[in-house]
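Engineer: Right, I'll just put the structure down here and ask away after.
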Amino acid sequence: MNDASSQTQEIPQGARPQGWRPATYYPDPAISALDPRFEKYWLKLSAVERLATGLRWAEGPVWFGDGRYLLCSDIPNQRIIKWEEETGAVSAFRKPSNFANGNTRDRQGRLITCEHGGRRVVRTEYDGEITVLMDSFNGKRLNSPNDVVVKSDGSIWFTDPTFGQLGNYEGYKAESEIEPNVYRLDPATRKATIVAEGVLGPNGLCFSPDEKILYVVESRGQPNRKILAYDVSADGTTISNKRVFIDAGPGTPDGMRCDIDGNLWCGWGMGDPALDGVVVFAPDGVMIGRIALPERCANLCFGGVKRNRLFMAASQSIYALYVNTQGAVGG
């Protein structure tokens with residue numbers, strides 16, 4: 001039987017983070033309940049595992065259950081890497097990746113990717129061909145599409161901040177042609193609409209399990225980052241009632257996903273090691289749990305055979321943890 005350390009796979013390039021060791025006893029001290037409600041989701045015989053390391057900036061994990069593998073963007077290295085659940089093997093899925101960031105799957109199982117380099121959202125077809133879904137709006141080029149989710153009606157929702165245009169490390173330095181927005185794209189008609197304007201640095205996003213709420217991370221919120229919440233219209237095409245769901249204080253939320261009970265699992269950290277990892281918010285906005293990591297967690301997703309394994313893309317590494325819940329479909 002392999003232990004966590006033997007499953008760690010080295011990826012060429014990049015520096016290996018130091019200071020982390022797998023837990024040698026249960027429960028894993030990296031996991032803590034901040035509210036009694038988290039106890040329901042904490043598997044006391046599970047521990048944080050490091051699956052891979054050596055990335056430069058890990059982002060956009062997405063699970064492919066039919067192939068039992070995880071894809072994850074390594075933005076500065078211009079690649080999407082693949083981790084295989086059965087063997088633990090790590091390989092390059094796509095290189096160059098056009099500075100790919102966020103990833104998800106559509107309702108037909110195809111890969112949907114946000115590209116900083118191409119300033120576009122693309123779909124990988126079954127034969128591997130890439131279809132450009134959107135790269136401009138009203139004649140103006142997008143900025144650098146960041147994160148993406150697909151609703152049950154097949155519509156594609158994504159954020160478009162300017163982060164990939166700020167330099168040549170995670171994209172190509174360029175002037176912005178359009179304000180940062182949150183978009184909805186109908187894949188059948190290819191019609192795009194702006195669903196949210198005025199979000200300061202729109203970043204991670206996800207729907208509640210019943211798709212009645214859209215959560216959006218405001219990465220440039222003042223004085224603190226925030227997680228915003230919007231009500232989704234009955235026809236699923238617009239949002240309203242913008243409000244602050246979470247004021248992150250010193251925290252730095254990035255990507256996030258909901259579980260089937262509506263809890264929000266958020267990548268967190270940067271600036272203070274005590275903040276690095278994942279935090280979990282109940283539907284009422286109370287922080288109920290924390291998973292400490294030695295690196296800032298940028299994004300995460302649920303996967304595994306029962307969708308009860310949390311995969312965490314954290315700076316230079318990918319981590320995983322079995323939990324006693326499942327990811328909401330569509331995340």
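Following the order of the structure tokens, first chain is A, next is B, and so on, with residues numbered from 1 inside each chain and ligands from 1 in the order they appear.
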I need the residues in segment 220-301 of chain A that are strand (DSSP E) according to DSSP; give them as an MDAnalysis selection string.
Structural biologist: chainID A and resid 226:232 239:247 256:258 264:268 277:281 287:292 299:301
Engineer: Would you export the selected residues with C-alpha atoms as a tab-separated table (two decimals), in the first residue's frame, please?
Structural biologist:
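And here's out_31.tsv as it stands now:
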```tsv
chain	number	residue	atom	x	y	z
A	226	LYS	CA	-14.83	39.76	-1.00
A	227	ILE	CA	-17.03	36.92	-2.12
A	228	LEU	CA	-20.12	38.41	-3.73
A	229	ALA	CA	-23.47	36.68	-4.08
A	230	TYR	CA	-26.15	37.25	-6.72
A	231	ASP	CA	-29.62	35.83	-7.21
A	232	VAL	CA	-30.05	33.97	-10.50
A	239	ILE	CA	-28.45	37.84	-12.03
A	240	SER	CA	-29.49	40.51	-9.54
A	241	ASN	CA	-29.36	41.58	-5.89
A	242	LYS	CA	-25.59	41.93	-5.64
A	243	ARG	CA	-24.43	41.61	-2.04
A	244	VAL	CA	-21.33	40.83	0.01
A	245	PHE	CA	-21.50	37.20	1.12
A	246	ILE	CA	-18.02	37.15	2.71
A	247	ASP	CA	-15.66	40.00	3.58
A	256	MET	CA	-14.09	27.95	-5.04
A	257	ARG	CA	-16.65	25.19	-5.40
A	258	CYS	CA	-19.87	24.22	-3.62
A	264	LEU	CA	-18.48	26.90	-0.12
A	265	TRP	CA	-14.95	25.41	-0.25
A	266	CYS	CA	-12.53	28.24	-1.04
A	267	GLY	CA	-8.89	28.46	-2.00
A	268	TRP	CA	-7.28	30.84	0.48
A	277	GLY	CA	-4.93	26.46	2.48
A	278	VAL	CA	-8.69	26.00	2.12
A	279	VAL	CA	-11.50	27.43	4.20
A	280	VAL	CA	-15.11	26.24	4.22
A	281	PHE	CA	-18.15	28.47	4.63
A	287	MET	CA	-16.51	29.84	8.38
A	288	ILE	CA	-16.85	26.29	9.67
A	289	GLY	CA	-13.63	24.52	8.71
A	290	ARG	CA	-10.06	24.88	7.55
A	291	ILE	CA	-7.50	22.75	5.74
A	292	ALA	CA	-4.00	24.11	6.35
A	299	ASN	CA	-8.32	26.83	-6.80
A	300	LEU	CA	-9.93	23.46	-6.16
A	301	CYS	CA	-12.46	20.94	-7.38
```
Engineer: Near Ile318 of chain A, counting only C-alpha atoms, which residues have an atom at most 7 Å away, once you skip same-chain residues fewer than 4 positions from it, shown as number ranges by chain?
Structural biologist: A: 50-53, 312-314
Engineer: Next, dump the selected residues to file, keeping only all heavy atoms, as a PDB file, in the first residue's frame.
Structural biologist:
```pdb
ATOM      1  N   ARG A  50       0.028  15.086  -0.825  1.00  0.00           N
ATOM      2  CA  ARG A  50       0.597  15.860  -1.925  1.00  0.00           C
ATOM      3  C   ARG A  50       0.743  14.921  -3.118  1.00  0.00           C
ATOM      4  O   ARG A  50       1.462  13.921  -3.063  1.00  0.00           O
ATOM      5  CB  ARG A  50       1.958  16.439  -1.542  1.00  0.00           C
ATOM      6  CG  ARG A  50       2.602  17.231  -2.669  1.00  0.00           C
ATOM      7  CD  ARG A  50       4.008  17.665  -2.293  1.00  0.00           C
ATOM      8  NE  ARG A  50       4.003  18.953  -1.597  1.00  0.00           N
ATOM      9  CZ  ARG A  50       5.062  19.442  -0.959  1.00  0.00           C
ATOM     10  NH1 ARG A  50       6.167  18.732  -0.876  1.00  0.00           N
ATOM     11  NH2 ARG A  50       4.995  20.617  -0.367  1.00  0.00           N
ATOM     12  N   LEU A  51       0.045  15.249  -4.206  1.00  0.00           N
ATOM     13  CA  LEU A  51       0.037  14.387  -5.381  1.00  0.00           C
ATOM     14  C   LEU A  51       1.143  14.722  -6.368  1.00  0.00           C
ATOM     15  O   LEU A  51       1.646  13.848  -7.072  1.00  0.00           O
ATOM     16  CB  LEU A  51      -1.316  14.489  -6.101  1.00  0.00           C
ATOM     17  CG  LEU A  51      -2.558  14.205  -5.258  1.00  0.00           C
ATOM     18  CD1 LEU A  51      -3.795  14.370  -6.124  1.00  0.00           C
ATOM     19  CD2 LEU A  51      -2.507  12.814  -4.637  1.00  0.00           C
ATOM     20  N   ALA A  52       1.485  15.995  -6.459  1.00  0.00           N
ATOM     21  CA  ALA A  52       2.490  16.441  -7.424  1.00  0.00           C
ATOM     22  C   ALA A  52       3.064  17.763  -6.958  1.00  0.00           C
ATOM     23  O   ALA A  52       2.411  18.515  -6.228  1.00  0.00           O
ATOM     24  CB  ALA A  52       1.866  16.611  -8.809  1.00  0.00           C
ATOM     25  N   THR A  53       4.274  18.058  -7.381  1.00  0.00           N
ATOM     26  CA  THR A  53       4.900  19.331  -7.044  1.00  0.00           C
ATOM     27  C   THR A  53       5.848  19.725  -8.168  1.00  0.00           C
ATOM     28  O   THR A  53       6.065  18.967  -9.121  1.00  0.00           O
ATOM     29  CB  THR A  53       5.633  19.257  -5.690  1.00  0.00           C
ATOM     30  OG1 THR A  53       5.954  20.573  -5.257  1.00  0.00           O
ATOM     31  CG2 THR A  53       6.877  18.394  -5.764  1.00  0.00           C
ATOM     32  N   MET A 312      -6.769  20.188  -4.620  1.00  0.00           N
ATOM     33  CA  MET A 312      -6.400  21.565  -4.316  1.00  0.00           C
ATOM     34  C   MET A 312      -5.147  21.963  -5.081  1.00  0.00           C
ATOM     35  O   MET A 312      -4.082  21.365  -4.899  1.00  0.00           O
ATOM     36  CB  MET A 312      -6.176  21.709  -2.802  1.00  0.00           C
ATOM     37  CG  MET A 312      -7.404  21.389  -1.975  1.00  0.00           C
ATOM     38  SD  MET A 312      -7.069  21.074  -0.202  1.00  0.00           S
ATOM     39  CE  MET A 312      -6.522  19.342  -0.255  1.00  0.00           C
ATOM     40  N   ALA A 313      -5.271  22.967  -5.948  1.00  0.00           N
ATOM     41  CA  ALA A 313      -4.133  23.500  -6.693  1.00  0.00           C
ATOM     42  C   ALA A 313      -3.532  24.630  -5.864  1.00  0.00           C
ATOM     43  O   ALA A 313      -4.137  25.692  -5.723  1.00  0.00           O
ATOM     44  CB  ALA A 313      -4.584  24.014  -8.055  1.00  0.00           C
ATOM     45  N   ALA A 314      -2.352  24.375  -5.311  1.00  0.00           N
ATOM     46  CA  ALA A 314      -1.782  25.296  -4.319  1.00  0.00           C
ATOM     47  C   ALA A 314      -0.377  25.724  -4.730  1.00  0.00           C
ATOM     48  O   ALA A 314       0.593  25.014  -4.476  1.00  0.00           O
ATOM     49  CB  ALA A 314      -1.752  24.635  -2.944  1.00  0.00           C
TER      50      ALA A 314
END
```
Engineer: Identify, on the basis of only C-alpha atoms, every residue whose closest approach to Leu142 of chain A does not exceed 7 Å; exclude the query and any residue fewer than 4 positions from it along the same chain; express the result as a list of chain:residue names.
Structural biologist: A:Arg119, A:Arg120, A:Asp135, A:Ser136, A:Phe137, A:Asp160, A:Ile178
Engineer: Might you pull out every residue within 7 Å of Val217 of chain A, with only C-alpha atoms counted and same-chain residues fewer than 2 positions away left off, and present them as a list in words?
Structural biologist: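 Residues meeting the cut-off are Pro202, Asn203, Gly204, Leu205, Tyr215, Ser219, Lys226, Ile227, Leu228, Pro253 and Asp254 of chain A.
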Engineer: What does the distance between atom CA of Pro187 of chain A and atom CA of Lys151 of chain A come to in Å, to one decimal place?
Structural biologist: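 Interatomic distance here is 11.2 Å.
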Engineer: Write out as a VMD selection string which residues come within 8 Å of segment 92-100 of chain A when counting only C-alpha atoms, dropping same-chain ones fewer than 5 positions away.
Structural biologist: chain A and resid 71 73 to 82 113 to 118 170 to 171
Engineer: Any idea what the distance is between atom CA of Arg225 of chain A and atom CA of Thr252 of chain A?
Structural biologist: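 If I compute the distance from atom CA of Arg225 of chain A to atom CA of Thr252 of chain A, I get 6.3 Å.
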Engineer: Step one, run DSSP on the backbone; step two, keep only residues of segment 17-81 of chain A assigned to helix (DSSP H, G or I); then write them as a list in words.
Structural biologist: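 Written out, the helix (DSSP H, G or I) residues of segment 17-81 of chain A are Pro36, Arg37, Phe38, Glu39, Lys40 and Tyr41 of chain A.
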Engineer: Near Trp63 of chain A, counting only C-alpha atoms, which residues have an atom at most 8 Å away, once you skip same-chain residues fewer than 6 positions from it, shown as a PyMOL selection string?
Structural biologist: chain A and resi 69-71+301-304
Engineer: Generate a file of the selected residues that holds C-alpha atoms, formatted as a tab-separated table (two decimals), in the first residue's frame.
Structural biologist:
```tsv
chain	number	residue	atom	x	y	z
A	69	TYR	CA	-7.57	11.69	-14.07
A	70	LEU	CA	-7.16	15.30	-13.01
A	71	LEU	CA	-6.08	18.17	-15.22
A	301	CYS	CA	-12.46	20.94	-7.38
A	302	PHE	CA	-14.18	17.78	-6.25
A	303	GLY	CA	-13.48	14.48	-7.96
A	304	GLY	CA	-12.78	10.82	-7.44
```
Engineer: If we count only C-alpha atoms and set the cut-off at 12 Å, which residues sit around Gly128 of chain A, ignoring sequence neighbours fewer than 4 positions away in its own chain? Please answer as a ChimeraX atom specification.
Structural biologist: /A:93-94,110-111,122-124
Engineer: Keeping only N, CA, C and O atoms, write the selected residues as a PDB file, in the first residue's frame.
Structural biologist:
```
ATOM      1  N   PHE A  93      -0.410  17.258 -20.438  1.00  0.00           N
ATOM      2  CA  PHE A  93      -1.612  17.070 -21.245  1.00  0.00           C
ATOM      3  C   PHE A  93      -1.594  18.009 -22.437  1.00  0.00           C
ATOM      4  O   PHE A  93      -1.968  17.629 -23.545  1.00  0.00           O
ATOM      5  N   ARG A  94      -1.150  19.256 -22.220  1.00  0.00           N
ATOM      6  CA  ARG A  94      -1.079  20.231 -23.309  1.00  0.00           C
ATOM      7  C   ARG A  94       0.067  21.193 -23.047  1.00  0.00           C
ATOM      8  O   ARG A  94       0.166  21.756 -21.962  1.00  0.00           O
ATOM      9  N   ARG A 110     -16.902  17.794 -22.421  1.00  0.00           N
ATOM     10  CA  ARG A 110     -15.751  18.388 -23.091  1.00  0.00           C
ATOM     11  C   ARG A 110     -15.062  19.421 -22.189  1.00  0.00           C
ATOM     12  O   ARG A 110     -15.709  20.063 -21.372  1.00  0.00           O
ATOM     13  N   LEU A 111     -13.776  19.567 -22.375  1.00  0.00           N
ATOM     14  CA  LEU A 111     -12.977  20.497 -21.582  1.00  0.00           C
ATOM     15  C   LEU A 111     -13.219  21.934 -22.041  1.00  0.00           C
ATOM     16  O   LEU A 111     -13.090  22.250 -23.231  1.00  0.00           O
ATOM     17  N   VAL A 122     -12.058  28.570 -24.725  1.00  0.00           N
ATOM     18  CA  VAL A 122     -12.028  27.548 -25.774  1.00  0.00           C
ATOM     19  C   VAL A 122     -12.623  26.239 -25.271  1.00  0.00           C
ATOM     20  O   VAL A 122     -12.724  26.003 -24.067  1.00  0.00           O
ATOM     21  N   ARG A 123     -12.993  25.399 -26.223  1.00  0.00           N
ATOM     22  CA  ARG A 123     -13.509  24.068 -25.921  1.00  0.00           C
ATOM     23  C   ARG A 123     -12.659  23.038 -26.652  1.00  0.00           C
ATOM     24  O   ARG A 123     -12.364  23.193 -27.835  1.00  0.00           O
ATOM     25  N   THR A 124     -12.249  21.993 -25.940  1.00  0.00           N
ATOM     26  CA  THR A 124     -11.515  20.896 -26.556  1.00  0.00           C
ATOM     27  C   THR A 124     -12.510  19.834 -26.994  1.00  0.00           C
ATOM     28  O   THR A 124     -13.229  19.269 -26.168  1.00  0.00           O
TER      29      THR A 124
END
```
Engineer: Atom CA of Pro145 of chain A to atom CA of Glu218 of chain A: how many Å, to one decimal?
Structural biologist: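 Computing it gives 14.4 Å between the two atoms.
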